[in-house]
>>> print(open('upload20.tsv').read())   # TSV, C-alpha atoms and all ligand atoms
chain	number	residue	atom	x	y	z
A	1	MET	CA	92.40	-100.89	61.29
A	2	LYS	CA	94.69	-98.43	59.61
A	3	ASN	CA	94.11	-94.71	59.83
A	4	CYS	CA	93.95	-92.34	56.86
A	5	GLU	CA	97.62	-91.45	57.06
A	6	GLU	CA	98.68	-95.08	56.93
A	7	ILE	CA	96.26	-95.75	54.11
A	8	SER	CA	97.59	-92.88	52.03
A	9	GLN	CA	101.13	-94.19	52.52
A	10	LEU	CA	99.98	-97.66	51.55
A	11	ALA	CA	98.22	-96.28	48.48
A	12	SER	CA	101.34	-94.52	47.26
A	13	ARG	CA	103.39	-97.63	47.93
A	14	ALA	CA	100.91	-99.72	45.96
A	15	CYS	CA	101.61	-97.57	42.90
A	16	ASP	CA	105.31	-98.37	42.95
A	17	GLU	CA	105.57	-101.85	44.34
A	18	LYS	CA	103.51	-104.91	45.01
A	19	ILE	CA	101.75	-104.87	48.36
A	20	SER	CA	100.53	-107.95	50.19
A	21	LEU	CA	97.04	-109.36	49.87
A	22	MET	CA	96.22	-108.27	53.41
A	23	GLU	CA	97.35	-104.74	52.64
A	24	THR	CA	95.34	-104.71	49.42
A	25	VAL	CA	92.22	-105.76	51.33
A	26	GLU	CA	92.79	-103.15	54.03
A	27	LEU	CA	93.33	-100.51	51.39
A	28	LYS	CA	90.22	-101.45	49.42
A	29	VAL	CA	87.99	-101.64	52.49
A	30	HIS	CA	89.21	-98.29	53.70
A	31	LEU	CA	88.74	-96.71	50.27
A	32	MET	CA	85.16	-97.95	50.19
A	33	MET	CA	84.42	-96.17	53.46
A	34	CYS	CA	86.56	-93.08	53.19
A	35	LYS	CA	85.97	-90.48	50.52
A	36	ASN	CA	89.12	-88.53	51.40
A	37	CYS	CA	91.38	-91.48	50.80
A	38	ARG	CA	89.48	-92.41	47.67
A	39	THR	CA	90.21	-88.96	46.23
A	40	PHE	CA	93.82	-89.22	47.33
A	41	ASP	CA	94.16	-92.64	45.73
A	42	ALA	CA	92.62	-91.48	42.46
A	43	ASN	CA	94.95	-88.47	42.28
A	44	ASN	CA	97.87	-90.63	43.19
A	45	LYS	CA	97.18	-93.16	40.47
A	46	GLN	CA	96.75	-90.39	37.95
A	47	LEU	CA	100.03	-88.81	38.97
A	48	SER	CA	101.88	-92.09	38.90
A	49	LYS	CA	100.53	-92.80	35.41
A	50	ILE	CA	101.78	-89.42	34.19
A	51	LEU	CA	105.18	-89.95	35.81
A	52	LYS	CA	105.53	-93.41	34.30
A	53	ALA	CA	104.59	-92.16	30.84
A	54	GLN	CA	107.12	-89.37	31.22
A	55	GLN	CA	109.84	-91.80	32.28
A	56	GLU	CA	109.14	-94.02	29.32
A	57	GLN	CA	109.49	-91.04	27.02
A	58	ASP	CA	112.78	-89.98	28.52
A	59	GLY	CA	114.07	-93.45	29.07
A	60	ILE	CA	114.72	-94.71	32.60
A	61	PRO	CA	116.82	-92.05	34.24
A	62	THR	CA	120.25	-93.29	35.12
A	63	SER	CA	122.84	-91.43	37.12
A	64	LYS	CA	123.63	-88.35	35.12
A	65	GLN	CA	126.01	-86.84	37.62
A	66	ALA	CA	129.60	-86.50	36.45
B	101	ZN	ZN	90.79	-92.49	54.96
>>> encode(input="upload20.tsv", output="structure tokens")
Amino acid sequence: MKNCEEISQLASRACDEKISLMETVELKVHLMMCKNCRTFDANNKQLSKILKAQQEQDGIPTSKQA
């Protein structure tokens, strides 16, 4: 079983990339049992949604350094 720290890392990873089926199951099971991680996951998803919307508005940021 993963601990809360690992689960929070997994949850943030799941927002950006595809995680494996096993990881998805572990994440879901943990979220069912753990209120802390559920709150973290909800905040995380919300944040990632806002960031994505912002990026779409601005266009995908490319290297702006001269
Ligand atoms: Zn937890």
>>> residues_near_ligand(input="upload20.tsv", ligand="ligand ZN 101 (chain B)", cutoff="7 Å", atoms="only C-alpha atoms and all ligand atoms", output="list of chain:residue names")
A:Asn3, A:Cys4, A:Ile7, A:His30, A:Leu31, A:Cys34, A:Lys35, A:Asn36, A:Cys37
>>> residues_around(input="upload20.tsv", residues="region 46-60 of chain A", least_positions_apart="2", cutoff="9 Å", atoms="all atoms listed in the file", output="PyMOL selection string")
chain A and resi 12+15-16+41-44+62
>>> atom_distance(input="upload20.tsv", atom1="CA of Lys18 (chain A)", atom2="CA of Met33 (chain A)")
22.6 Å
>>> atom_distance(input="upload20.tsv", atom1="CA of Thr39 (chain A)", atom2="CA of Met22 (chain A)")
21.5 Å
>>> residues_around(input="upload20.tsv", residues="region 23-27 of chain A", least_positions_apart="3", cutoff="9 Å", atoms="all atoms listed in the file", output="PyMOL selection string")
chain A and resi 1-2+7-8+10-11+14+19-20+30-32
>>> write_last_selection(input="upload20.tsv", atoms="C-alpha atoms", output="PDB file, in the frame of the given file")
ATOM      1  CA  MET A   1      92.400-100.890  61.290  1.00  0.00           C
ATOM      2  CA  LYS A   2      94.690 -98.430  59.610  1.00  0.00           C
ATOM      3  CA  ILE A   7      96.260 -95.750  54.110  1.00  0.00           C
ATOM      4  CA  SER A   8      97.590 -92.880  52.030  1.00  0.00           C
ATOM      5  CA  LEU A  10      99.980 -97.660  51.550  1.00  0.00           C
ATOM      6  CA  ALA A  11      98.220 -96.280  48.480  1.00  0.00           C
ATOM      7  CA  ALA A  14     100.910 -99.720  45.960  1.00  0.00           C
ATOM      8  CA  ILE A  19     101.750-104.870  48.360  1.00  0.00           C
ATOM      9  CA  SER A  20     100.530-107.950  50.190  1.00  0.00           C
ATOM     10  CA  HIS A  30      89.210 -98.290  53.700  1.00  0.00           C
ATOM     11  CA  LEU A  31      88.740 -96.710  50.270  1.00  0.00           C
ATOM     12  CA  MET A  32      85.160 -97.950  50.190  1.00  0.00           C
TER      13      MET A  32
END
>>> build_atoms(input="upload20.tsv", residues="region 28-62 of chain A", atoms="N, CA and C atoms", output="short mmCIF file (atom, residue, chain, number, x, y, z; two decimals), in the coordinates of the input")
data_model
loop_
_atom_site.label_atom_id
_atom_site.label_comp_id
_atom_site.auth_asym_id
_atom_site.auth_seq_id
_atom_site.Cartn_x
_atom_site.Cartn_y
_atom_site.Cartn_z
N LYS A 28 91.50 -101.48 50.13
CA LYS A 28 90.22 -101.45 49.42
C LYS A 28 89.06 -101.17 50.36
N VAL A 29 89.07 -101.84 51.52
CA VAL A 29 87.99 -101.64 52.49
C VAL A 29 87.96 -100.19 52.96
N HIS A 30 89.14 -99.67 53.24
CA HIS A 30 89.21 -98.29 53.70
C HIS A 30 88.73 -97.33 52.61
N LEU A 31 89.13 -97.59 51.38
CA LEU A 31 88.74 -96.71 50.27
C LEU A 31 87.23 -96.72 50.06
N MET A 32 86.62 -97.86 50.33
CA MET A 32 85.16 -97.95 50.19
C MET A 32 84.45 -97.05 51.19
N MET A 33 85.08 -96.91 52.38
CA MET A 33 84.42 -96.17 53.46
C MET A 33 84.83 -94.71 53.52
N CYS A 34 85.98 -94.39 52.96
CA CYS A 34 86.56 -93.08 53.19
C CYS A 34 86.73 -92.31 51.88
N LYS A 35 85.95 -91.27 51.75
CA LYS A 35 85.97 -90.48 50.52
C LYS A 35 87.29 -89.74 50.36
N ASN A 36 87.84 -89.25 51.46
CA ASN A 36 89.12 -88.53 51.40
C ASN A 36 90.22 -89.38 50.78
N CYS A 37 90.32 -90.60 51.27
CA CYS A 37 91.38 -91.48 50.80
C CYS A 37 91.11 -91.94 49.37
N ARG A 38 89.84 -92.03 49.03
CA ARG A 38 89.48 -92.41 47.67
C ARG A 38 89.97 -91.33 46.69
N THR A 39 89.74 -90.08 47.06
CA THR A 39 90.21 -88.96 46.23
C THR A 39 91.72 -88.96 46.15
N PHE A 40 92.35 -89.17 47.30
CA PHE A 40 93.82 -89.22 47.33
C PHE A 40 94.33 -90.33 46.41
N ASP A 41 93.73 -91.49 46.52
CA ASP A 41 94.16 -92.64 45.73
C ASP A 41 94.00 -92.40 44.24
N ALA A 42 92.87 -91.78 43.87
CA ALA A 42 92.62 -91.48 42.46
C ALA A 42 93.66 -90.50 41.93
N ASN A 43 93.94 -89.45 42.68
CA ASN A 43 94.95 -88.47 42.28
C ASN A 43 96.32 -89.12 42.15
N ASN A 44 96.59 -89.96 43.12
CA ASN A 44 97.87 -90.63 43.19
C ASN A 44 98.11 -91.53 41.98
N LYS A 45 97.08 -92.26 41.62
CA LYS A 45 97.18 -93.16 40.47
C LYS A 45 97.38 -92.37 39.18
N GLN A 46 96.65 -91.26 39.10
CA GLN A 46 96.75 -90.39 37.95
C GLN A 46 98.17 -89.85 37.82
N LEU A 47 98.69 -89.38 38.93
CA LEU A 47 100.03 -88.81 38.97
C LEU A 47 101.07 -89.87 38.60
N SER A 48 100.92 -91.03 39.16
CA SER A 48 101.88 -92.09 38.90
C SER A 48 101.86 -92.52 37.44
N LYS A 49 100.66 -92.47 36.83
CA LYS A 49 100.53 -92.80 35.41
C LYS A 49 101.28 -91.76 34.56
N ILE A 50 101.11 -90.50 34.92
CA ILE A 50 101.78 -89.42 34.19
C ILE A 50 103.30 -89.55 34.33
N LEU A 51 103.74 -89.81 35.56
CA LEU A 51 105.18 -89.95 35.81
C LEU A 51 105.77 -91.11 35.03
N LYS A 52 105.05 -92.23 35.02
CA LYS A 52 105.53 -93.41 34.30
C LYS A 52 105.62 -93.14 32.81
N ALA A 53 104.60 -92.49 32.26
CA ALA A 53 104.59 -92.16 30.84
C ALA A 53 105.76 -91.25 30.50
N GLN A 54 106.01 -90.31 31.40
CA GLN A 54 107.12 -89.37 31.22
C GLN A 54 108.46 -90.11 31.24
N GLN A 55 108.60 -91.03 32.17
CA GLN A 55 109.84 -91.80 32.28
C GLN A 55 110.07 -92.66 31.05
N GLU A 56 109.00 -93.20 30.51
CA GLU A 56 109.14 -94.02 29.32
C GLU A 56 109.58 -93.18 28.13
N GLN A 57 109.09 -91.96 28.08
CA GLN A 57 109.49 -91.04 27.02
C GLN A 57 110.97 -90.70 27.11
N ASP A 58 111.40 -90.41 28.32
CA ASP A 58 112.78 -89.98 28.52
C ASP A 58 113.74 -91.14 28.59
N GLY A 59 113.21 -92.32 28.75
CA GLY A 59 114.07 -93.45 29.07
C GLY A 59 114.25 -93.49 30.57
N ILE A 60 114.53 -94.64 31.15
CA ILE A 60 114.72 -94.71 32.60
C ILE A 60 115.93 -93.87 32.99
N PRO A 61 115.71 -92.91 33.88
CA PRO A 61 116.82 -92.05 34.24
C PRO A 61 117.93 -92.80 34.96
N THR A 62 119.09 -92.70 34.44
CA THR A 62 120.25 -93.29 35.12
C THR A 62 121.03 -92.15 35.76
#
